[in-house]
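Listing of protein17.cif, mmCIF, C-alpha atoms, pLDDT in the B column; chains and numbers go by the auth columns
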data_query
loop_
_atom_site.group_PDB
_atom_site.id
_atom_site.type_symbol
_atom_site.label_atom_id
_atom_site.label_comp_id
_atom_site.label_asym_id
_atom_site.label_seq_id
_atom_site.Cartn_x
_atom_site.Cartn_y
_atom_site.Cartn_z
_atom_site.B_iso_or_equiv
_atom_site.auth_seq_id
_atom_site.auth_asym_id
ATOM 1 C CA MET A 1 0.000 0.000 0.000 63.00 1198 A
ATOM 2 C CA SER A 2 1.096 3.604 -0.161 65.00 1199 A
ATOM 3 C CA ARG A 3 2.299 4.274 3.421 69.00 1200 A
ATOM 4 C CA LYS A 4 1.729 7.944 2.624 72.00 1201 A
ATOM 5 C CA LEU A 5 0.396 10.019 5.503 74.00 1202 A
ATOM 6 C CA PRO A 6 -2.167 12.761 4.832 78.00 1203 A
ATOM 7 C CA GLY A 7 -0.342 15.864 3.651 81.00 1204 A
ATOM 8 C CA TRP A 8 2.882 14.015 2.815 80.00 1205 A
ATOM 9 C CA GLU A 9 4.255 13.997 -0.721 79.00 1206 A
ATOM 10 C CA ALA A 10 6.476 10.928 -0.333 78.00 1207 A
ATOM 11 C CA PRO A 11 5.657 7.610 1.363 74.00 1208 A
ATOM 12 C CA TRP A 12 7.104 6.780 4.763 75.00 1209 A
ATOM 13 C CA ILE A 13 9.818 4.088 4.338 75.00 1210 A
ATOM 14 C CA SER A 14 8.583 3.184 0.859 73.00 1211 A
ATOM 15 C CA ALA A 15 10.748 0.019 0.746 77.00 1212 A
ATOM 16 C CA GLU A 16 8.484 -1.500 3.421 76.00 1213 A
ATOM 17 C CA ARG A 17 5.262 -1.195 1.390 78.00 1214 A
ATOM 18 C CA LEU A 18 3.223 -4.346 0.749 82.00 1215 A
ATOM 19 C CA PRO A 19 0.753 -5.081 -2.036 84.00 1216 A
ATOM 20 C CA LEU A 20 -2.897 -5.204 -0.926 83.00 1217 A
ATOM 21 C CA ASP A 21 -3.108 -9.002 -1.381 86.00 1218 A
ATOM 22 C CA ASP A 22 -0.065 -9.572 0.851 89.00 1219 A
ATOM 23 C CA SER A 23 -1.409 -7.175 3.497 86.00 1220 A
ATOM 24 C CA LEU A 24 -4.744 -8.982 3.599 86.00 1221 A
ATOM 25 C CA LYS A 25 -3.082 -12.407 3.930 91.00 1222 A
ATOM 26 C CA ALA A 26 -0.758 -11.113 6.666 91.00 1223 A
ATOM 27 C CA HIS A 27 -3.717 -9.930 8.760 89.00 1224 A
ATOM 28 C CA THR A 28 -5.951 -12.951 8.157 91.00 1225 A
ATOM 29 C CA ILE A 29 -4.860 -16.481 7.290 92.00 1226 A
ATOM 30 C CA SER A 30 -1.127 -15.972 7.955 94.00 1227 A
ATOM 31 C CA ALA A 31 -1.816 -14.485 11.404 93.00 1228 A
ATOM 32 C CA ALA A 32 -4.172 -17.376 12.203 93.00 1229 A
ATOM 33 C CA TYR A 33 -1.540 -19.883 11.027 95.00 1230 A
ATOM 34 C CA ALA A 34 1.120 -18.254 13.223 96.00 1231 A
ATOM 35 C CA CYS A 35 -1.182 -18.739 16.233 95.00 1232 A
ATOM 36 C CA PHE A 36 -2.011 -22.346 15.249 97.00 1233 A
ATOM 37 C CA LEU A 37 -5.646 -21.277 14.767 94.00 1234 A
ATOM 38 C CA ASP A 38 -5.965 -21.494 10.979 93.00 1235 A
ATOM 39 C CA HIS A 39 -8.326 -24.464 11.358 94.00 1236 A
ATOM 40 C CA VAL A 40 -10.921 -22.247 13.115 93.00 1237 A
ATOM 41 C CA LEU A 41 -10.301 -18.704 11.790 90.00 1238 A
ATOM 42 C CA GLY A 42 -8.393 -16.653 9.259 90.00 1239 A
ATOM 43 C CA SER A 43 -10.544 -17.237 6.171 89.00 1240 A
ATOM 44 C CA LEU A 44 -14.198 -17.067 5.179 86.00 1241 A
ATOM 45 C CA VAL A 45 -15.076 -20.757 5.200 88.00 1242 A
ATOM 46 C CA GLU A 46 -18.207 -22.426 6.541 89.00 1243 A
ATOM 47 C CA GLY A 47 -17.644 -23.549 10.129 89.00 1244 A
ATOM 48 C CA LYS A 48 -14.903 -21.001 10.932 89.00 1245 A
ATOM 49 C CA TYR A 49 -15.301 -17.959 13.176 88.00 1246 A
ATOM 50 C CA ALA A 50 -15.687 -14.792 11.120 85.00 1247 A
ATOM 51 C CA ASP A 51 -15.345 -11.131 12.015 88.00 1248 A
ATOM 52 C CA PHE A 52 -15.393 -8.890 8.947 89.00 1249 A
ATOM 53 C CA VAL A 53 -16.556 -5.568 7.557 89.00 1250 A
ATOM 54 C CA VAL A 54 -18.480 -4.657 4.412 91.00 1251 A
ATOM 55 C CA LEU A 55 -16.970 -1.667 2.627 88.00 1252 A
ATOM 56 C CA PRO A 56 -18.472 0.535 -0.116 89.00 1253 A
ATOM 57 C CA SER A 57 -16.140 -0.632 -2.894 86.00 1254 A
ATOM 58 C CA THR A 58 -17.325 -2.295 -6.074 85.00 1255 A
ATOM 59 C CA SER A 59 -13.995 -3.948 -6.918 85.00 1256 A
ATOM 60 C CA TRP A 60 -10.625 -4.897 -5.445 83.00 1257 A
ATOM 61 C CA ARG A 61 -8.974 -2.316 -7.750 83.00 1258 A
ATOM 62 C CA GLU A 62 -11.296 0.468 -6.528 84.00 1259 A
ATOM 63 C CA PHE A 63 -10.520 -0.482 -2.925 82.00 1260 A
ATOM 64 C CA ALA A 64 -6.755 -0.439 -3.549 78.00 1261 A
ATOM 65 C CA ASP A 65 -6.875 2.943 -5.302 78.00 1262 A
ATOM 66 C CA ASP A 66 -9.054 4.696 -2.719 79.00 1263 A
ATOM 67 C CA ILE A 67 -9.552 2.983 0.651 77.00 1264 A
ATOM 68 C CA PRO A 68 -13.039 3.899 1.930 79.00 1265 A
ATOM 69 C CA GLY A 69 -13.351 6.027 5.033 80.00 1266 A
ATOM 70 C CA HIS A 70 -16.518 4.389 6.327 87.00 1267 A
ATOM 71 C CA VAL A 71 -17.988 0.928 6.888 92.00 1268 A
ATOM 72 C CA LEU A 72 -21.382 -0.253 5.607 93.00 1269 A
ATOM 73 C CA ALA A 73 -21.684 -3.208 7.997 95.00 1270 A
ATOM 74 C CA THR A 74 -19.693 -5.129 10.607 95.00 1271 A
ATOM 75 C CA TYR A 75 -20.084 -8.824 11.361 91.00 1272 A
ATOM 76 C CA VAL A 76 -18.796 -10.446 14.552 90.00 1273 A
ATOM 77 C CA ASN A 77 -18.610 -14.213 14.698 82.00 1274 A
ATOM 78 C CA GLY A 78 -20.708 -14.325 11.544 79.00 1275 A
ATOM 79 C CA LYS A 79 -23.559 -12.202 12.938 87.00 1276 A
ATOM 80 C CA GLN A 80 -24.288 -8.624 11.920 93.00 1277 A
ATOM 81 C CA ALA A 81 -23.275 -6.237 14.709 94.00 1278 A
ATOM 82 C CA TYR A 82 -23.462 -2.897 12.846 91.00 1279 A
ATOM 83 C CA PRO A 83 -25.648 -1.175 11.731 90.00 1280 A
#

Would you kindly transcribe this structure into structure tokens?
Amino acid sequence: MSRKLPGWEAPWISAERLPLDDSLKAHTISAAYACFLDHVLGSLVEGKYADFVVLPSTSWREFADDIPGHVLATYVNGKQAYP
């Protein structure tokens, strides 16, 4: 991702940027695997615990280009918690 703070012209430590796909894996299935919990969480599979948000993006490309500033819905353990 960009690692560019609001008002900055250049990214902060640009060599440490990750593509969106790698960032998502690092915070989901890879984190679950590191905790030996990938059999119960870390991916959207029937039977696993699931906390996730629904964002107002119509495509992965749109999300990567302009990360939304608000959430449409939040699900905790597979059940809608917001709104």

Evaluate the PyMOL selection byres ((chain A and resi 1279) around 10) and record the selected residues as a PyMOL selection string, following the chain and residue labels used in the document.
-> chain A and resi 1250-1251+1268-1273+1276-1278+1280

Find the distance between CA of Asp1248 in chain A and CA of Leu1215 in chain A and write it in Å to one decimal.
->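 CA of Leu1215 in chain A lies at a distance of 22.8 Å from CA of Asp1248 in chain A.
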
Taking into account only C-alpha atoms, which residue in the set A:Ala1261, A:Leu1238, A:Ile1226, A:Leu1252 is nearest to Gly1275 in chain A?
->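 Of all the options, A:Leu1238 lies closest to Gly1275 in chain A.
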
Measure the distance from CA of Phe1260 in chain A to CA of Asn1274 in chain A in Å and round it to one decimal.
-> 23.8 Å

Separation of CA of Glu1243 in chain A and CA of Ser1256 in chain A, in Å?
->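 Going from CA of Glu1243 in chain A over to CA of Ser1256 in chain A covers 23.2 Å.
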
Which neighbours of Leu1221 in chain A fall inside 12 Å, counting all atoms listed in the file, when residues of the same chain fewer than 4 positions from it are skipped, and could you give them as a list in words?
->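 So, after excluding close chain neighbours, the residues are Met1198, Leu1215, Pro1216, Leu1217, Thr1225, Ile1226, Ser1227, Ala1228, Gly1239, Ser1240, Phe1249, Trp1257 and Ala1261 of chain A.
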
Nearest to Arg1258 in chain A by atom-to-atom distance, counting only C-alpha atoms, from A:Asp1218, A:Pro1208, A:Leu1241, A:Pro1203 = A:Asp1218
